[in-house]
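Written below as C-alpha cells is the structure these notes are about.
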Amino acid sequence: MDILEAKLAVIEAGKQLVKCGLIARTWGNVSCRVSDTHFVITPSGREYNALTPDEIVLVSIADCTYDGDIKPSSEKGIHASCYRLRPECNFVIHTHQLYASMAGLAGLDIQVKDEKSAAILGSCIPSAAYGLPGTGKLKKGVSDAIARSDGNAALMLHHGAVCLGTDMDNAFSVAMELEEVCKQFLLDRYATLTGNTADGFASLSNYIAETLKKGDVKAADFPAFISEREGDTMLMTPADGGDSVRIRLCDGTPLDTGAKYPASAELHLTVYNKREDVNAIIHNKQEDVVAVSSIGKTVKPFLDDFAQIVGVTARCATFDPNNTQKTAKKVVKKLKGRNAVLLKDNGALCAGSGMSDAQAIEMVAEKGCQSFVAANILDMGKSAIKGYECALMRLVYKMKYSKQAEK
C-alpha cells in the first residue's frame with residue numbers, strides 16, 4: 001500500500017474509534033502495513049482527532065526502527081509481532097474498549113459460540129498475560145496469545161485488546177464485534193452467578209454493591225455540579241443543566257445576585273484552594289459509579305489507564321451538605337495525590353487541569369468502577385494490579401504522557 005494512503009487510513013481509523021468510544025485522547029494505537037517490511041503507526045502521546053500524515057511514523061517490522069524525531073507508539077512491538085505472525089493481517093488496532101477490557105480481567109480464553117461472531121473474530125479470543133505498558137513482557141504476552149490462536153483479536157489482561165484485520169474496515173468490525181461478545185460474556189457470568197437475567201450492566205453493579213457494602217446507613221444525597229476555575233472565581237453549573245452561579249474563591253461569596261448557592265460549593269472551593277493543579281471539576285453520579293461508591297471502600301486499579309490517570313487508588317470519603325467545611329476537608333485529604341475520589345453514595349469527584357482533562361479522568365474513573373464490578377462478578381476481586389506497578393505507571397504518565405497529550 002502507498003505510504004500516504006496508509007497514513008490517511010490510520011488517521012481515519014483513529015477518528016472513528018474515538019467517535020465510537022473504543023479509544024479516547026491518546027489511548028490505544030493504530031497501524032497499517034505498507035509492505036512486507038514496514039508499517040505505519042500512530043505516534044506516542046498525541047490525540048487522534050488532531051493527527052496529520054507527517055505525524056504517522058514508518059516503522060520496520062523486523063526490528064521496530066524508525067526515522068525522524070517523532071516517536072511511534074510505545075506498543076509498536078506488539079504491532080510488529082502481529083504483522084510477522086499473520087501475513088494476511090494488514091491493519092492492527094489496539095484499544096482500551098470497555099467490555100473487552102472488563103472481560104479480559106478473567107484471564108481466560110473466550111470461546112466464541114455464535115456463528116456470526118465467530119466468522120468475524122474466529123473461534124477463540126485468547127487471553128494475553130499481563131505486562132506493564134510498553135514493555136517486552138507485554139509484547140511477549142500478546143505475541144504468545146496470537147501465536148496460539150487463529151482468532152483476530154486478543155484480550156490484554158488489565159489493559160485492553162488488540163484487533164487484527166485484512167484492512168481498516170475489517171479491523172474495525174473485529175473491534176466492534178469483540179465488544180458485543182465480551183459484553184455478553186459478562187452478562188452470562190452474572191446469570192450463572194445469580195440465576196437472574198441482567199437488564200444491563202447496572203444490574204451487575206447493583207448486585208456487587210449489595211453484596212459488598214456493610215450496613216444500611218446512607219450518606220446524604222446532594223446534586224452534582226460541574227465547575228471551572230476562572231481567575232479568582234469558579235463557575236458552577238448543574239451537571240444535568242440549569243443556571244450557573246459564579247462564586248469567589250477566597251471567601252465563597254456568590255457574585256450572581258439571587259443565585260442559589262449549591263450544596264457542594266464548599267467542596268469545590270476547598271479543592272481549588274488546596275490544589276493549584278486543578279482547574280476543572282466534574283461530579284459524576286452515573287449509576288454504576290454511585291453503586292460502587294455506596295460500598296464505601298477504596299477502589300484499586302484493575303486497568304492500567306485507571307492507575308495512570310486517576311491514581312494508585314480511588315479512596316472513598318463522605319461529604320455531608322449539612323456539615324460542609326469539615327467534610328470537604330476530609331474529601332480533599334482523600335484526593336491527595338490523585339485525580340478522583342469516591343463520594344459515599346454520591347458517585348465520584350473528578351479533578352483535572354482543565355475541562356478536557358477532567359472529562360478524561362471522569363471517563364476513566366467510570367470505567368474503573370465498572371471494572372471493579374466486573375472483577376468481582378468474575379471472582380477476580382482480589383486480582384487488582386500490584387501497588388508498585390500502579391505507582392510506576394502513575395509516575396511515568398505524570399512525567400511523560402500527560403505532557404505529550406497537552407501539546
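Residues in the C-alpha cells are named by chain (A, B, ... in the order shown) and by number from 1 within that chain; ligands are numbered from 1 in the order shown.
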
Exercise. So which bits of range 252-392 of chain A end up strand (DSSP E or B) when you DSSP the backbone, as a list of chain:residue names?
Worked result: A:Pro254, A:Ala280, A:Ile281, A:Ile282, A:His283, A:Asn284, A:Val299, A:Ala314, A:Cys316, A:Ala317, A:Ala340, A:Val341, A:Leu342, A:Leu343, A:Ala348, A:Leu349, A:Cys350, A:Ala351, A:Gly352

For this session: Could you please determine the separation between CA of Val341 in chain A and CA of Ala317 in chain A in Å, to one decimal place?
Result: 7.3 Å

Exercise. Between A:Asn376, A:Ser383, A:Thr270, A:Ser44, which has the minimum distance to Pro301 in chain A (counting only C-alpha atoms)?
Worked result: A:Ser383

Exercise. Which residues, written as a PyMOL selection string, have at least one atom at most 9 Å from Ala358 in chain A, with only C-alpha atoms counted and residues fewer than 2 positions away on the same chain left out?
Worked result: chain A and resi 278-282+339+350-356+360-363

Those residues you just picked out, can you put them in a file as a PDB file, in the first residue's frame with N, CA and C atoms?
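Result saved to again.pdb:
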ATOM      1  N   VAL A 278      -5.533  21.951  39.863  1.00  0.00           N
ATOM      2  CA  VAL A 278      -6.908  21.643  39.458  1.00  0.00           C
ATOM      3  C   VAL A 278      -7.609  22.911  38.981  1.00  0.00           C
ATOM      4  N   ASN A 279      -8.157  22.852  37.766  1.00  0.00           N
ATOM      5  CA  ASN A 279      -8.886  23.990  37.203  1.00  0.00           C
ATOM      6  C   ASN A 279     -10.286  23.614  36.728  1.00  0.00           C
ATOM      7  N   ALA A 280     -10.633  22.345  36.853  1.00  0.00           N
ATOM      8  CA  ALA A 280     -11.974  21.895  36.465  1.00  0.00           C
ATOM      9  C   ALA A 280     -12.353  20.678  37.289  1.00  0.00           C
ATOM     10  N   ILE A 281     -13.617  20.622  37.680  1.00  0.00           N
ATOM     11  CA  ILE A 281     -14.127  19.514  38.497  1.00  0.00           C
ATOM     12  C   ILE A 281     -15.443  19.022  37.911  1.00  0.00           C
ATOM     13  N   ILE A 282     -15.568  17.706  37.796  1.00  0.00           N
ATOM     14  CA  ILE A 282     -16.817  17.084  37.360  1.00  0.00           C
ATOM     15  C   ILE A 282     -17.277  16.114  38.438  1.00  0.00           C
ATOM     16  N   ASN A 339      -6.528  12.063  41.151  1.00  0.00           N
ATOM     17  CA  ASN A 339      -7.376  12.963  40.369  1.00  0.00           C
ATOM     18  C   ASN A 339      -8.853  12.610  40.459  1.00  0.00           C
ATOM     19  N   CYS A 350     -14.195  14.208  40.063  1.00  0.00           N
ATOM     20  CA  CYS A 350     -13.060  14.085  39.148  1.00  0.00           C
ATOM     21  C   CYS A 350     -12.449  15.456  38.917  1.00  0.00           C
ATOM     22  N   ALA A 351     -11.155  15.592  39.223  1.00  0.00           N
ATOM     23  CA  ALA A 351     -10.491  16.901  39.202  1.00  0.00           C
ATOM     24  C   ALA A 351      -9.358  16.903  38.196  1.00  0.00           C
ATOM     25  N   GLY A 352      -9.415  17.844  37.233  1.00  0.00           N
ATOM     26  CA  GLY A 352      -8.404  17.902  36.188  1.00  0.00           C
ATOM     27  C   GLY A 352      -7.782  19.264  36.015  1.00  0.00           C
ATOM     28  N   SER A 353      -6.731  19.312  35.200  1.00  0.00           N
ATOM     29  CA  SER A 353      -6.037  20.572  34.940  1.00  0.00           C
ATOM     30  C   SER A 353      -6.870  21.516  34.092  1.00  0.00           C
ATOM     31  N   GLY A 354      -7.815  20.980  33.370  1.00  0.00           N
ATOM     32  CA  GLY A 354      -8.761  21.740  32.560  1.00  0.00           C
ATOM     33  C   GLY A 354      -9.972  20.866  32.314  1.00  0.00           C
ATOM     34  N   MET A 355     -10.975  21.391  31.615  1.00  0.00           N
ATOM     35  CA  MET A 355     -12.206  20.628  31.433  1.00  0.00           C
ATOM     36  C   MET A 355     -11.975  19.371  30.602  1.00  0.00           C
ATOM     37  N   SER A 356     -11.145  19.458  29.564  1.00  0.00           N
ATOM     38  CA  SER A 356     -10.858  18.274  28.757  1.00  0.00           C
ATOM     39  C   SER A 356     -10.197  17.190  29.603  1.00  0.00           C
ATOM     40  N   ALA A 360     -11.648  13.398  30.678  1.00  0.00           N
ATOM     41  CA  ALA A 360     -10.903  12.147  30.505  1.00  0.00           C
ATOM     42  C   ALA A 360     -10.814  11.383  31.819  1.00  0.00           C
ATOM     43  N   ILE A 361     -10.569  12.106  32.904  1.00  0.00           N
ATOM     44  CA  ILE A 361     -10.496  11.475  34.225  1.00  0.00           C
ATOM     45  C   ILE A 361     -11.848  10.886  34.595  1.00  0.00           C
ATOM     46  N   GLU A 362     -12.919  11.614  34.305  1.00  0.00           N
ATOM     47  CA  GLU A 362     -14.266  11.104  34.566  1.00  0.00           C
ATOM     48  C   GLU A 362     -14.510   9.794  33.814  1.00  0.00           C
ATOM     49  N   MET A 363     -14.119   9.764  32.534  1.00  0.00           N
ATOM     50  CA  MET A 363     -14.310   8.570  31.719  1.00  0.00           C
ATOM     51  C   MET A 363     -13.568   7.376  32.307  1.00  0.00           C
TER      52      MET A 363
END

Exercise. Residues at most 12 Å from Thr253 in chain A, counting only C-alpha atoms, excluding those fewer than 3 positions away in the same chain, as JSON, numbers by chain?
Worked result: {"A": [232, 233, 234, 235, 245, 246, 247, 248, 249, 250, 256, 257, 258, 259, 260, 261, 262, 265, 266, 269]}

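Separating CA of Leu186 in chain A from CA of Leu132 in chain A is a distance of 24.7 Å.
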
Exercise. Which distance in Å separates CA of Phe39 in chain A and CA of Asp150 in chain A, to one decimal?
Worked result: 21.7 Å

For this session: Return the single residue from A:Ile377, A:Arg394, A:Ser173, A:Gly107 that is closest to Gly141 in chain A, with distances computed using only C-alpha atoms.
Result: A:Gly107

For this session: Excluding Leu51 in chain A and any residue of its chain fewer than 2 positions from it, enumerate the residues within 12 Å of it, using only C-alpha atoms, and give them as a list in words.
Result: Lys7, Leu8, Ala9, Val10, Ile11, Glu12, Ala13, Gly14, Lys15, Arg25, Thr26, Val30, Ile41, Thr42, Pro43, Ser44, Gly45, Arg46, Glu47, Tyr48, Asn49, Pro53, Asp54, Glu55, Ile56, Val57, Ala405 and Lys407 of chain A

Problem set entry | Test item: residues at most 10 Å from Asn170 in chain A, only C-alpha atoms, excluding those fewer than 4 positions along its chain, as a PyMOL selection string | chain A and resi 89-92+120+152+163-166+174-176

Exercise. Residues at most 12 Å from Phe302 in chain A, counting only C-alpha atoms, excluding those fewer than 2 positions away in the same chain, as a PyMOL selection string?
Worked result: chain A and resi 101-106+130+156-160+299-300+304-308+310-314+364-365+367-376+380-387+389-390

C-alpha atoms of the current selection, written as a PDB file, in the first residue's frame:
ATOM      1  CA  SER A 101     -11.105  -4.607  28.998  1.00  0.00           C
ATOM      2  CA  MET A 102     -13.523  -5.890  31.643  1.00  0.00           C
ATOM      3  CA  ALA A 103     -13.910  -9.385  30.207  1.00  0.00           C
ATOM      4  CA  GLY A 104     -10.135  -9.619  29.965  1.00  0.00           C
ATOM      5  CA  LEU A 105      -9.926  -9.460  33.757  1.00  0.00           C
ATOM      6  CA  ALA A 106     -10.966 -13.114  33.859  1.00  0.00           C
ATOM      7  CA  TYR A 130      -0.031  -9.120  31.850  1.00  0.00           C
ATOM      8  CA  MET A 156      -4.806  -7.979  27.260  1.00  0.00           C
ATOM      9  CA  LEU A 157      -5.067  -8.597  30.991  1.00  0.00           C
ATOM     10  CA  HIS A 158      -5.542  -5.318  32.936  1.00  0.00           C
ATOM     11  CA  HIS A 159      -5.124  -3.357  29.728  1.00  0.00           C
ATOM     12  CA  GLY A 160      -7.442  -3.674  26.728  1.00  0.00           C
ATOM     13  CA  VAL A 299     -11.102   1.037  44.788  1.00  0.00           C
ATOM     14  CA  LYS A 300      -7.806  -0.296  43.464  1.00  0.00           C
ATOM     15  CA  ASP A 304      -3.657   0.361  33.552  1.00  0.00           C
ATOM     16  CA  ASP A 305      -5.369   3.576  32.474  1.00  0.00           C
ATOM     17  CA  PHE A 306      -7.012   3.914  35.914  1.00  0.00           C
ATOM     18  CA  ALA A 307      -3.616   3.722  37.648  1.00  0.00           C
ATOM     19  CA  GLN A 308      -2.142   6.228  35.206  1.00  0.00           C
ATOM     20  CA  VAL A 310      -6.887   8.529  38.281  1.00  0.00           C
ATOM     21  CA  GLY A 311      -4.169   7.394  40.672  1.00  0.00           C
ATOM     22  CA  VAL A 312      -2.818   4.394  42.543  1.00  0.00           C
ATOM     23  CA  THR A 313      -6.242   4.070  44.204  1.00  0.00           C
ATOM     24  CA  ALA A 314      -9.527   5.943  44.406  1.00  0.00           C
ATOM     25  CA  VAL A 364     -11.507   6.520  33.261  1.00  0.00           C
ATOM     26  CA  ALA A 365     -12.953   6.735  36.789  1.00  0.00           C
ATOM     27  CA  LYS A 367     -14.584   2.676  33.605  1.00  0.00           C
ATOM     28  CA  GLY A 368     -12.536   1.884  36.727  1.00  0.00           C
ATOM     29  CA  CYS A 369     -15.686   1.472  38.814  1.00  0.00           C
ATOM     30  CA  GLN A 370     -17.224  -0.756  36.158  1.00  0.00           C
ATOM     31  CA  SER A 371     -14.030  -2.824  36.066  1.00  0.00           C
ATOM     32  CA  PHE A 372     -14.191  -3.214  39.851  1.00  0.00           C
ATOM     33  CA  VAL A 373     -17.696  -4.626  39.381  1.00  0.00           C
ATOM     34  CA  ALA A 374     -16.597  -6.921  36.536  1.00  0.00           C
ATOM     35  CA  ALA A 375     -13.641  -8.249  38.541  1.00  0.00           C
ATOM     36  CA  ASN A 376     -15.950  -9.212  41.382  1.00  0.00           C
ATOM     37  CA  MET A 380     -11.256 -11.814  40.474  1.00  0.00           C
ATOM     38  CA  GLY A 381     -11.885  -9.099  43.060  1.00  0.00           C
ATOM     39  CA  LYS A 382      -8.501  -9.668  44.719  1.00  0.00           C
ATOM     40  CA  SER A 383      -6.514  -9.527  41.477  1.00  0.00           C
ATOM     41  CA  ALA A 384      -6.025  -5.766  41.169  1.00  0.00           C
ATOM     42  CA  ILE A 385      -2.766  -4.529  39.671  1.00  0.00           C
ATOM     43  CA  LYS A 386       0.093  -4.601  42.168  1.00  0.00           C
ATOM     44  CA  GLY A 387       0.683  -1.392  44.082  1.00  0.00           C
ATOM     45  CA  GLU A 389       3.230  -1.308  39.317  1.00  0.00           C
ATOM     46  CA  CYS A 390       0.441   1.246  39.764  1.00  0.00           C
TER      47      CYS A 390
END

For this session: Measuring atom to atom with only C-alpha atoms, identify which of A:Gln97, A:Thr65, A:Ser73, A:Gln111 is nearest to Leu17 in chain A.
Result: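 The closest residue to Leu17 in chain A is A:Gln97.
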
Problem set entry | Given only C-alpha atoms as the counted atoms, nearest of A:Val292, A:Leu378, A:Val181, A:Ala62 to Ala118 in chain A |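 When distances to Ala118 in chain A are compared using only C-alpha atoms, the smallest one comes from A:Val181.
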
Problem set entry | Nearest residue to Cys124 in chain A from the set A:Ser203, A:Ser294, A:Asn29, A:Ser149 (distances using only C-alpha atoms) |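 Among the listed residues, A:Ser149 lies closest to Cys124 in chain A.
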
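Among the candidates A:Leu343, A:Leu255, A:Ala219, A:Leu98, the one nearest to Ser293 in chain A when counting only C-alpha atoms is A:Leu343.
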